[in-house]
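Enquirer: I am attaching a structure below and will ask some questions about it afterwards.
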Amino acid sequence: MSPIFGKRIALIKHVHVADTACPECRASQLQVRVMRDYHHFLSIPLYPTGKKMVTIYCAGCGSGQRVPAIREKYLQTGTPILLYTGVVPFFWMSAYAYLSDKATSNRIQHYANNPQPGDVYKMKAFSNGTPMFFFLRLLKLDEDGKAHFYLAPAIYRHHIRSIDKKDKRNYSDIPNWTYLRTDLPEKVADGIVMDIRRNGL
Ligand SMILES: [Zn+2]
C-alpha cells in the first residue's frame, strides 16, 4: 500500500548526448537522466526536496559513467514547476485570508470612527481568562458624545458568526450599555470589538 504522504523520485530530464564519447567504449551513446526527489500527498507533488541527481549511462557498453562536464551541465536543469503543485493552493488560501482580514479591519475601523445607530458590534471579553462573546446594538448617539448600546442577553462561550435574528432578546429600544463615542476606535484597536456590521451586512 502506498502511503498517503511520502517521497518519490521524479525523472525531470532524459536526454541522449551524441557529442560526447563514452570514456570506456568511445561510442557516442550516452544517456543522461536528471532526477529529483519530491514530497507528495496522495500522489500530488507538494514540494521538491534534496539535490538533483544526474546519472550517465552508456547504451553502447552498458556501463554507468562519470563524466564531470556532463554532470555539471545537467545539474543546471530547472526543477519543473509541477513539483511545486502543493504550494499553489496554500499560497492562494493564504493570500485570500490576508486580504479578507485586511478588508475586515478597514471596515471595522471605518465604522468605529463613523458610528451610526443600528450598527451591531461583535464583542469579546474575558471572564476569569475564558473568552466570552456578545453583541451590542448601537441605539443612539447623544450630544454628550456618548454611544448608547443595547447589550443582548445572550453571552456565548464559543466564537460566534452573526447575531441570531430570530431571537427577540437581541432587539430592544432600551439602552443598557454606554461607551464614549471617541473610545470606540480604541476598543477596536484593543481587539475588544471583533467586528461591526451595518445594515445587516
Ligand atoms: Zn560505453
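Letters A, B, ... go to the chains of the C-alpha cells in the order shown; residues in each chain start at 1; ligands are counted from 1 in the same order.
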Grab me every residue within 9 Å of ligand 1, counting only C-alpha atoms and all ligand atoms, and send it over as a list in words.
Expert: Ala21, Cys22, Pro23, Glu24, Cys25, Arg26, Ala27, Ser28, Gln29, Leu30, Tyr57, Cys58, Ala59, Gly60, Cys61, Gly62, Ser63, Gly64 and Gln65 of chain A
Enquirer: Would you mind listing what lies within 7 Å of A:Pro185 as a PyMOL selection string, with only C-alpha atoms counted and same-chain residues fewer than 3 positions away left out?
Expert: chain A and resi 109+112-113+182+188-189
Enquirer: Could the residues in this selection be written to a file with N, CA and C atoms, as a tab-separated table (two decimals), in the first residue's frame?
Expert:
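Result written to part.tsv:
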```tsv
chain	number	residue	atom	x	y	z
A	109	GLN	N	-12.64	49.65	11.35
A	109	GLN	CA	-12.07	50.96	11.70
A	109	GLN	C	-12.97	52.09	11.20
A	112	ALA	N	-16.17	52.29	13.29
A	112	ALA	CA	-15.92	52.76	14.66
A	112	ALA	C	-15.66	54.26	14.67
A	113	ASN	N	-15.08	54.78	13.60
A	113	ASN	CA	-14.82	56.21	13.50
A	113	ASN	C	-16.08	57.00	13.11
A	182	THR	N	-15.82	58.53	21.33
A	182	THR	CA	-14.41	58.65	20.93
A	182	THR	C	-13.57	57.45	21.39
A	188	VAL	N	-11.61	48.94	19.22
A	188	VAL	CA	-11.28	48.14	18.04
A	188	VAL	C	-9.80	47.77	18.08
A	189	ALA	N	-8.97	48.78	18.37
A	189	ALA	CA	-7.53	48.54	18.40
A	189	ALA	C	-7.17	47.53	19.48
```
Enquirer: Quick one: residues within 6 Å of A:Leu46, only C-alpha atoms counted, chain neighbours fewer than 4 positions away excluded, as a list in words?
Expert: His39, His40, Tyr84, Thr85 and Gly86 of chain A
Enquirer: Return the single residue from A:Pro45, A:Ala103, A:Tyr156, A:Ala147 that is closest to A:Thr130, with distances computed using only C-alpha atoms.
Expert: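 That would be A:Tyr156, the residue with the smallest distance to A:Thr130.
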Enquirer: Here is a test: counting only C-alpha atoms, which residue of A:Lys168, A:Lys13, A:Arg197, A:His158 is nearest to A:Met53?
Expert: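 Looking at the shortest contact to A:Met53, the residue is A:Lys13.
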Enquirer: For each of A:Tyr74, A:Tyr121, A:Trp177, A:Tyr150, take the minimum atom-to-atom distance to A:Ile108, counting only C-alpha atoms, then give the residue where this is smallest.
Expert: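 Counting only C-alpha atoms, the residue closest to A:Ile108 is A:Tyr121.
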Enquirer: To one decimal in Å, tell me the separation between atom CA of A:Asp119 and atom CA of A:Leu99.
Expert: 23.3 Å
Enquirer: Mind checking DSSP for stretch 5-137 of chain A and telling me the strand (DSSP E or B) residues as a ChimeraX atom specification?
Expert: /A:5-17,30-41,44-58,64,120-127,130-137
Enquirer: For A:Ile192, work out the shell of residues within 8 Å, counting only C-alpha atoms and skipping chain neighbours fewer than 2 positions away, then give it as a PyMOL selection string.
Expert: chain A and resi 123-125+187-190+194
Enquirer: My list of candidates is A:Phe149, A:Leu184, A:Glu72, A:Arg107. Which is closest to A:Tyr171 when distances are computed with only C-alpha atoms?
Expert: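 That would be A:Phe149, the residue with the smallest distance to A:Tyr171.
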